[in-house]
$ cat model09.cif   # mmCIF, C-alpha atoms
data_model
#
loop_
_atom_site.label_atom_id
_atom_site.label_comp_id
_atom_site.auth_asym_id
_atom_site.auth_seq_id
_atom_site.Cartn_x
_atom_site.Cartn_y
_atom_site.Cartn_z
CA MET A 2 21.27 13.78 3.12
CA SER A 3 21.47 10.22 4.43
CA GLU A 4 24.72 8.27 4.52
CA GLN A 5 22.89 5.82 2.25
CA VAL A 6 23.79 8.14 -0.66
CA ALA A 7 27.36 6.82 -0.46
CA ASN A 8 26.29 3.16 -0.44
CA PRO A 9 27.29 1.71 -3.83
CA LYS A 10 24.55 -0.92 -3.49
CA VAL A 11 21.80 1.74 -3.34
CA ARG A 12 20.96 3.97 -6.31
CA ILE A 13 19.71 7.45 -5.35
CA HIS A 14 19.05 10.09 -7.99
CA PRO A 15 20.92 13.34 -7.30
CA THR A 16 17.67 15.31 -7.10
CA ALA A 17 16.13 13.02 -4.44
CA ILE A 18 15.99 14.16 -0.81
CA VAL A 19 16.83 11.49 1.77
CA GLU A 20 16.68 12.77 5.34
CA SER A 21 18.75 11.64 8.32
CA GLY A 22 18.11 8.26 9.88
CA VAL A 23 16.66 6.73 6.72
CA GLN A 24 17.54 3.07 6.13
CA ILE A 25 17.55 1.75 2.56
CA GLY A 26 18.32 -1.86 1.75
CA ASP A 27 20.85 -3.04 -0.82
CA GLY A 28 19.67 -3.09 -4.42
CA SER A 29 17.03 -0.39 -3.97
CA SER A 30 16.59 2.67 -6.22
CA VAL A 31 15.21 6.11 -5.37
CA TRP A 32 14.35 8.18 -8.44
CA ASP A 33 14.22 11.88 -9.31
CA ASN A 34 12.76 14.38 -6.87
CA ALA A 35 11.54 11.70 -4.47
CA HIS A 36 11.56 12.73 -0.80
CA ILE A 37 12.08 10.22 2.00
CA ARG A 38 11.55 11.66 5.47
CA ARG A 39 13.58 10.94 8.58
CA ASP A 40 13.78 7.45 10.06
CA ALA A 41 11.84 5.75 7.27
CA LYS A 42 12.87 2.16 6.57
CA ILE A 43 12.98 0.77 3.04
CA GLY A 44 13.89 -2.84 2.37
CA ARG A 45 16.07 -4.52 -0.23
CA ASP A 46 15.49 -4.38 -4.00
CA CYS A 47 12.78 -1.70 -3.79
CA ILE A 48 11.92 1.03 -6.29
CA VAL A 49 10.75 4.49 -5.15
CA GLY A 50 9.40 6.37 -8.16
CA GLY A 51 10.06 9.97 -9.06
CA LYS A 52 8.32 12.73 -7.09
CA SER A 53 7.00 10.31 -4.47
CA LEU A 54 6.98 11.30 -0.81
CA ILE A 55 7.48 8.78 1.98
CA ALA A 56 6.77 10.25 5.41
CA TYR A 57 8.84 9.83 8.55
CA GLU A 58 9.01 6.39 10.19
CA VAL A 59 7.15 4.65 7.35
CA GLU A 60 8.23 1.01 7.03
CA ILE A 61 8.52 -0.66 3.62
CA GLY A 62 9.48 -4.31 3.14
CA ASP A 63 11.72 -5.95 0.58
CA ARG A 64 10.97 -5.93 -3.16
CA CYS A 65 8.27 -3.25 -3.13
CA LYS A 66 7.53 -1.08 -6.18
CA ILE A 67 6.32 2.45 -5.50
CA ASN A 68 5.54 4.32 -8.69
CA SER A 69 5.70 8.07 -9.36
CA ASN A 70 3.83 10.75 -7.39
CA VAL A 71 2.83 8.46 -4.51
CA TYR A 72 2.20 9.87 -1.02
CA ILE A 73 2.76 7.46 1.85
CA CYS A 74 1.97 9.15 5.16
CA PHE A 75 3.11 8.43 8.71
CA GLY A 76 1.60 5.26 10.14
CA VAL A 77 1.69 3.21 6.92
CA THR A 78 3.50 -0.12 6.68
CA LEU A 79 4.05 -1.98 3.42
CA GLU A 80 4.99 -5.63 3.77
CA GLN A 81 7.21 -7.38 1.22
CA GLY A 82 6.36 -7.53 -2.45
CA VAL A 83 3.80 -4.71 -2.46
CA MET A 84 3.01 -2.71 -5.61
CA ILE A 85 1.74 0.89 -5.28
CA GLY A 86 0.49 2.53 -8.49
CA ALA A 87 1.25 6.07 -9.61
CA GLY A 88 -0.60 8.88 -7.88
CA THR A 89 -1.81 6.80 -4.92
CA ILE A 90 -2.52 8.70 -1.70
CA PHE A 91 -2.58 7.25 1.83
CA THR A 92 -4.29 9.07 4.71
CA ASN A 93 -4.04 8.72 8.49
CA ASP A 94 -6.58 11.12 10.06
CA ARG A 95 -10.36 10.66 10.06
CA PHE A 96 -11.05 14.13 11.43
CA PRO A 97 -8.54 16.47 9.76
CA ARG A 98 -8.59 20.13 10.76
CA ALA A 99 -6.07 22.86 10.00
CA THR A 100 -6.66 24.76 13.26
CA THR A 101 -7.97 24.55 16.79
CA PRO A 102 -11.78 24.93 17.07
CA ASP A 103 -11.47 28.68 17.77
CA LEU A 104 -9.44 29.11 14.54
CA GLN A 105 -6.71 30.90 16.48
CA SER A 106 -3.90 28.33 16.25
CA LEU A 107 -2.65 25.83 13.72
CA ARG A 108 -2.95 22.24 14.80
CA GLY A 109 0.37 20.50 15.15
CA SER A 110 1.46 17.88 12.65
CA ASP A 111 2.77 15.39 15.20
CA PRO A 112 0.83 12.13 15.66
CA ASP A 113 -1.97 12.21 18.23
CA GLU A 114 -4.98 10.13 19.27
CA HIS A 115 -6.58 10.73 15.85
CA THR A 116 -3.60 9.39 13.91
CA LEU A 117 -4.48 5.91 12.65
CA LEU A 118 -2.34 3.16 11.17
CA THR A 119 -2.68 1.28 7.87
CA ARG A 120 -0.95 -1.93 6.72
CA VAL A 121 -0.64 -3.25 3.18
CA ARG A 122 0.11 -6.93 3.46
CA GLU A 123 2.54 -8.99 1.40
CA GLY A 124 2.02 -9.29 -2.33
CA ALA A 125 -0.85 -6.79 -2.53
CA SER A 126 -1.22 -4.40 -5.49
CA VAL A 127 -2.77 -0.93 -5.41
CA GLY A 128 -3.69 0.60 -8.77
CA ALA A 129 -2.98 4.10 -10.04
CA GLY A 130 -4.83 7.04 -8.54
CA VAL A 131 -6.19 5.18 -5.50
CA ILE A 132 -7.05 6.95 -2.24
CA ILE A 133 -6.73 4.80 0.89
CA GLY A 134 -8.45 5.78 4.12
CA SER A 135 -6.99 5.37 7.59
CA ASN A 136 -6.99 2.46 10.05
CA LEU A 137 -7.21 -0.15 7.29
CA THR A 138 -5.62 -3.43 6.23
CA ILE A 139 -5.15 -4.33 2.57
CA GLY A 140 -4.93 -8.13 2.61
CA ARG A 141 -2.34 -10.54 1.24
CA PHE A 142 -2.19 -10.55 -2.56
CA ALA A 143 -5.31 -8.37 -2.72
CA MET A 144 -5.71 -6.02 -5.66
CA VAL A 145 -7.20 -2.50 -5.59
CA GLY A 146 -8.40 -1.29 -8.99
CA MET A 147 -7.27 2.07 -10.36
CA GLY A 148 -9.07 5.13 -9.05
CA ALA A 149 -10.73 3.28 -6.17
CA ILE A 150 -11.55 4.96 -2.85
CA VAL A 151 -10.80 2.45 -0.10
CA THR A 152 -12.81 3.02 3.08
CA LYS A 153 -12.74 -0.45 4.69
CA ASP A 154 -10.45 -3.44 4.98
CA VAL A 155 -9.73 -5.48 1.85
CA PRO A 156 -9.65 -9.26 2.45
CA ASP A 157 -6.83 -11.50 1.25
CA PHE A 158 -6.94 -12.29 -2.50
CA HIS A 159 -9.92 -9.96 -3.13
CA LEU A 160 -10.21 -7.55 -6.06
CA VAL A 161 -11.91 -4.29 -5.08
CA ILE A 162 -13.00 -1.48 -7.38
CA GLY A 163 -15.06 1.71 -7.31
CA ASN A 164 -16.05 4.48 -4.91
CA PRO A 165 -16.39 3.31 -2.24
CA ALA A 166 -14.32 0.25 -3.13
CA ARG A 167 -16.25 -3.04 -3.09
CA SER A 168 -15.15 -6.63 -3.59
CA VAL A 169 -15.98 -8.02 -7.02
CA GLY A 170 -13.90 -11.19 -7.21
CA VAL A 171 -10.93 -13.34 -6.30
CA VAL A 172 -7.43 -12.79 -7.70
CA CYS A 173 -4.57 -15.28 -7.85
CA ARG A 174 -1.08 -14.71 -6.50
CA CYS A 175 0.04 -14.28 -10.10
CA GLY A 176 -2.51 -11.52 -10.77
CA PRO A 177 -5.54 -12.57 -12.87
CA MET A 178 -9.08 -12.62 -11.49
CA ILE A 179 -10.12 -16.25 -11.17
CA HIS A 180 -13.66 -15.86 -9.81
CA ARG A 181 -16.27 -13.11 -10.03
CA PHE A 182 -18.61 -12.74 -7.07
CA GLU A 183 -22.32 -12.98 -7.76
CA GLU A 184 -24.84 -10.71 -6.08
CA GLN A 185 -26.16 -13.49 -3.86
CA THR A 186 -24.11 -14.80 -0.93
CA PRO A 187 -22.68 -18.29 -1.53
CA THR A 188 -24.28 -21.05 0.54
CA THR A 189 -21.44 -23.60 0.35
CA LEU A 190 -17.66 -23.69 0.18
CA PHE A 191 -16.24 -23.92 -3.31
CA GLU A 192 -12.86 -24.01 -5.03
CA CYS A 193 -11.44 -21.99 -7.90
CA VAL A 194 -8.32 -22.65 -9.93
CA CYS A 195 -6.07 -20.19 -11.77
CA ALA A 196 -5.89 -21.07 -15.47
CA ASP A 197 -2.44 -19.49 -15.71
CA CYS A 198 -0.54 -21.11 -12.83
CA GLN A 199 -2.94 -23.82 -11.57
CA ARG A 200 -2.95 -22.53 -7.99
CA ARG A 201 -6.10 -23.50 -6.08
CA TYR A 202 -8.18 -21.49 -3.62
CA GLN A 203 -11.15 -22.17 -1.39
CA VAL A 204 -13.84 -19.52 -1.01
CA GLY A 205 -15.96 -19.60 2.14
CA ILE A 206 -19.60 -18.65 2.58
CA ASP A 207 -18.33 -15.36 4.04
CA ARG A 208 -16.24 -14.87 0.86
CA SER A 209 -12.99 -15.40 2.74
CA VAL A 210 -10.31 -16.89 0.49
CA THR A 211 -7.86 -19.59 1.57
CA GLU A 212 -4.91 -20.68 -0.55
CA LEU A 213 -4.80 -24.47 -0.92
CA GLU A 214 -1.69 -26.65 -1.11
#

$ encode --input "model09.cif" --output "structure tokens"
Amino acid sequence: MSEQVANPKVRIHPTAIVESGVQIGDGSSVWDNAHIRRDAKIGRDCIVGGKSLIAYEVEIGDRCKINSNVYICFGVTLEQGVMIGAGTIFTNDRFPRATTPDLQSLRGSDPDEHTLLTRVREGASVGAGVIIGSNLTIGRFAMVGMGAIVTKDVPDFHLVIGNPARSVGVVCRCGPMIHRFEEQTPTTLFECVCADCQRRYQVGIDRSVTELE
């Protein structure tokens, strides 16, 4: 068990497994039967839900919420303020095989040239039951709808849904969708405003979203 267990500023359930070298920031909680592998880094004021597994050397920023039964594999980085819904699965290998081509030996589990990295950028939310492919970026304050299968990058402030996940609109920092994309590509820049918090965004002809002052 990690020395973090004795840190009075970190709450770790007695059934959780925290391996050596794990760093957990003050104010964080690790719930029942969670497993955090060696040398993972978890920031301040985070929540790791019950029965979740965080692989070795994963990096998680401050104030992230990871719900129950989440699998975060090696090569994943969560920036600050990220929400990961229950049952979400990350992947890191496009060509997974159990054995060598002759079927005579198990392939090792250590990272190799096929191991790819994924980053979830600050403020993004991933819904329950999502599967996220490898070598991807989930953009700032993006939102992935529940049950989606993510196979390509998600732009900043985009809402994606479905299998494979596709962009259907723009979401505000505070959460609500503030614009729904039409089938046709926009021909001019336009602005949208959140009715809840009055934040303003500019949407480009390529559907890129820029937060305005």

$ closest_residue --input "model09.cif" --among "A:Val171, A:Leu190, A:Val77, A:Val19" --to "A:Asn136" --atoms "all atoms listed in the file"
A:Val77

$ residues_around --input "model09.cif" --residues "A:Ala87" --least-positions-apart "4" --cutoff "7 Å" --atoms "all atoms listed in the file" --output "number ranges by chain"
A: 68-71, 129-130

$ resolve_selection --input "model09.cif" --expression "the PyMOL selection byres ((chain A and resi 35-40) around 9)" --output "PyMOL selection string"
chain A and resi 3+14+16-24+31-34+41-42+49-59+69-70

$ write_last_selection --input "model09.cif" --atoms "C-alpha atoms" --output "PDB file, in the coordinates of the input"
ATOM      1  CA  SER A   3      21.470  10.220   4.430  1.00  0.00           C
ATOM      2  CA  HIS A  14      19.050  10.090  -7.990  1.00  0.00           C
ATOM      3  CA  THR A  16      17.670  15.310  -7.100  1.00  0.00           C
ATOM      4  CA  ALA A  17      16.130  13.020  -4.440  1.00  0.00           C
ATOM      5  CA  ILE A  18      15.990  14.160  -0.810  1.00  0.00           C
ATOM      6  CA  VAL A  19      16.830  11.490   1.770  1.00  0.00           C
ATOM      7  CA  GLU A  20      16.680  12.770   5.340  1.00  0.00           C
ATOM      8  CA  SER A  21      18.750  11.640   8.320  1.00  0.00           C
ATOM      9  CA  GLY A  22      18.110   8.260   9.880  1.00  0.00           C
ATOM     10  CA  VAL A  23      16.660   6.730   6.720  1.00  0.00           C
ATOM     11  CA  GLN A  24      17.540   3.070   6.130  1.00  0.00           C
ATOM     12  CA  VAL A  31      15.210   6.110  -5.370  1.00  0.00           C
ATOM     13  CA  TRP A  32      14.350   8.180  -8.440  1.00  0.00           C
ATOM     14  CA  ASP A  33      14.220  11.880  -9.310  1.00  0.00           C
ATOM     15  CA  ASN A  34      12.760  14.380  -6.870  1.00  0.00           C
ATOM     16  CA  ALA A  41      11.840   5.750   7.270  1.00  0.00           C
ATOM     17  CA  LYS A  42      12.870   2.160   6.570  1.00  0.00           C
ATOM     18  CA  VAL A  49      10.750   4.490  -5.150  1.00  0.00           C
ATOM     19  CA  GLY A  50       9.400   6.370  -8.160  1.00  0.00           C
ATOM     20  CA  GLY A  51      10.060   9.970  -9.060  1.00  0.00           C
ATOM     21  CA  LYS A  52       8.320  12.730  -7.090  1.00  0.00           C
ATOM     22  CA  SER A  53       7.000  10.310  -4.470  1.00  0.00           C
ATOM     23  CA  LEU A  54       6.980  11.300  -0.810  1.00  0.00           C
ATOM     24  CA  ILE A  55       7.480   8.780   1.980  1.00  0.00           C
ATOM     25  CA  ALA A  56       6.770  10.250   5.410  1.00  0.00           C
ATOM     26  CA  TYR A  57       8.840   9.830   8.550  1.00  0.00           C
ATOM     27  CA  GLU A  58       9.010   6.390  10.190  1.00  0.00           C
ATOM     28  CA  VAL A  59       7.150   4.650   7.350  1.00  0.00           C
ATOM     29  CA  SER A  69       5.700   8.070  -9.360  1.00  0.00           C
ATOM     30  CA  ASN A  70       3.830  10.750  -7.390  1.00  0.00           C
TER      31      ASN A  70
END

$ closest_residue --input "model09.cif" --among "A:Leu213, A:Ile73, A:Cys193, A:Ile13" --to "A:Ile48" --atoms "all atoms listed in the file"
A:Ile13

$ closest_atom_pairs --input "model09.cif" --of "stretch 135-158 of chain A" --to "stretch 205-209 of chain A" --cutoff "10 Å" --atoms "all atoms listed in the file" --output "Markdown table"
| residue | atom | partner | partner_atom | distance |
| --- | --- | --- | --- | --- |
| A:Pro156 | CA | A:Ser209 | CA | 7.0 |
| A:Asp157 | CA | A:Ser209 | CA | 7.4 |
| A:Phe158 | CA | A:Ser209 | CA | 8.6 |

$ write_last_selection --input "model09.cif" --atoms "C-alpha atoms" --output "CSV table (one decimal), in the coordinates of the input"
chain,number,residue,atom,x,y,z
A,156,PRO,CA,-9.6,-9.3,2.4
A,157,ASP,CA,-6.8,-11.5,1.2
A,158,PHE,CA,-6.9,-12.3,-2.5

$ residues_near_point --input "model09.cif" --point "(-4.2, 5.9, 1.4)" --cutoff "7 Å" --atoms "all atoms listed in the file" --output "PDB file with C-alpha atoms, in the frame of the given file"
ATOM      1  CA  THR A  89      -1.810   6.800  -4.920  1.00  0.00           C
ATOM      2  CA  ILE A  90      -2.520   8.700  -1.700  1.00  0.00           C
ATOM      3  CA  PHE A  91      -2.580   7.250   1.830  1.00  0.00           C
ATOM      4  CA  THR A  92      -4.290   9.070   4.710  1.00  0.00           C
ATOM      5  CA  ILE A 132      -7.050   6.950  -2.240  1.00  0.00           C
ATOM      6  CA  ILE A 133      -6.730   4.800   0.890  1.00  0.00           C
ATOM      7  CA  GLY A 134      -8.450   5.780   4.120  1.00  0.00           C
ATOM      8  CA  SER A 135      -6.990   5.370   7.590  1.00  0.00           C
TER       9      SER A 135
END

$ residues_around --input "model09.cif" --residues "A:Phe182" --least-positions-apart "3" --cutoff "10 Å" --atoms "only C-alpha atoms" --output "PyMOL selection string"
chain A and resi 159-160+168-171+185-187+208

$ write_last_selection --input "model09.cif" --atoms "C-alpha atoms" --output "compact mmCIF listing (two decimals), in the coordinates of the input"
# COMPACT_ATOMS: atom_id res chain seq x y z
CA HIS A 159 -9.92 -9.96 -3.13
CA LEU A 160 -10.21 -7.55 -6.06
CA SER A 168 -15.15 -6.63 -3.59
CA VAL A 169 -15.98 -8.02 -7.02
CA GLY A 170 -13.90 -11.19 -7.21
CA VAL A 171 -10.93 -13.34 -6.30
CA GLN A 185 -26.16 -13.49 -3.86
CA THR A 186 -24.11 -14.80 -0.93
CA PRO A 187 -22.68 -18.29 -1.53
CA ARG A 208 -16.24 -14.87 0.86

$ atom_distance --input "model09.cif" --atom1 "atom CA of A:Cys74" --atom2 "atom CA of A:Asn93"
6.9 Å

$ atom_distance --input "model09.cif" --atom1 "atom CA of A:Ile150" --atom2 "atom CA of A:Gly86"
13.5 Å
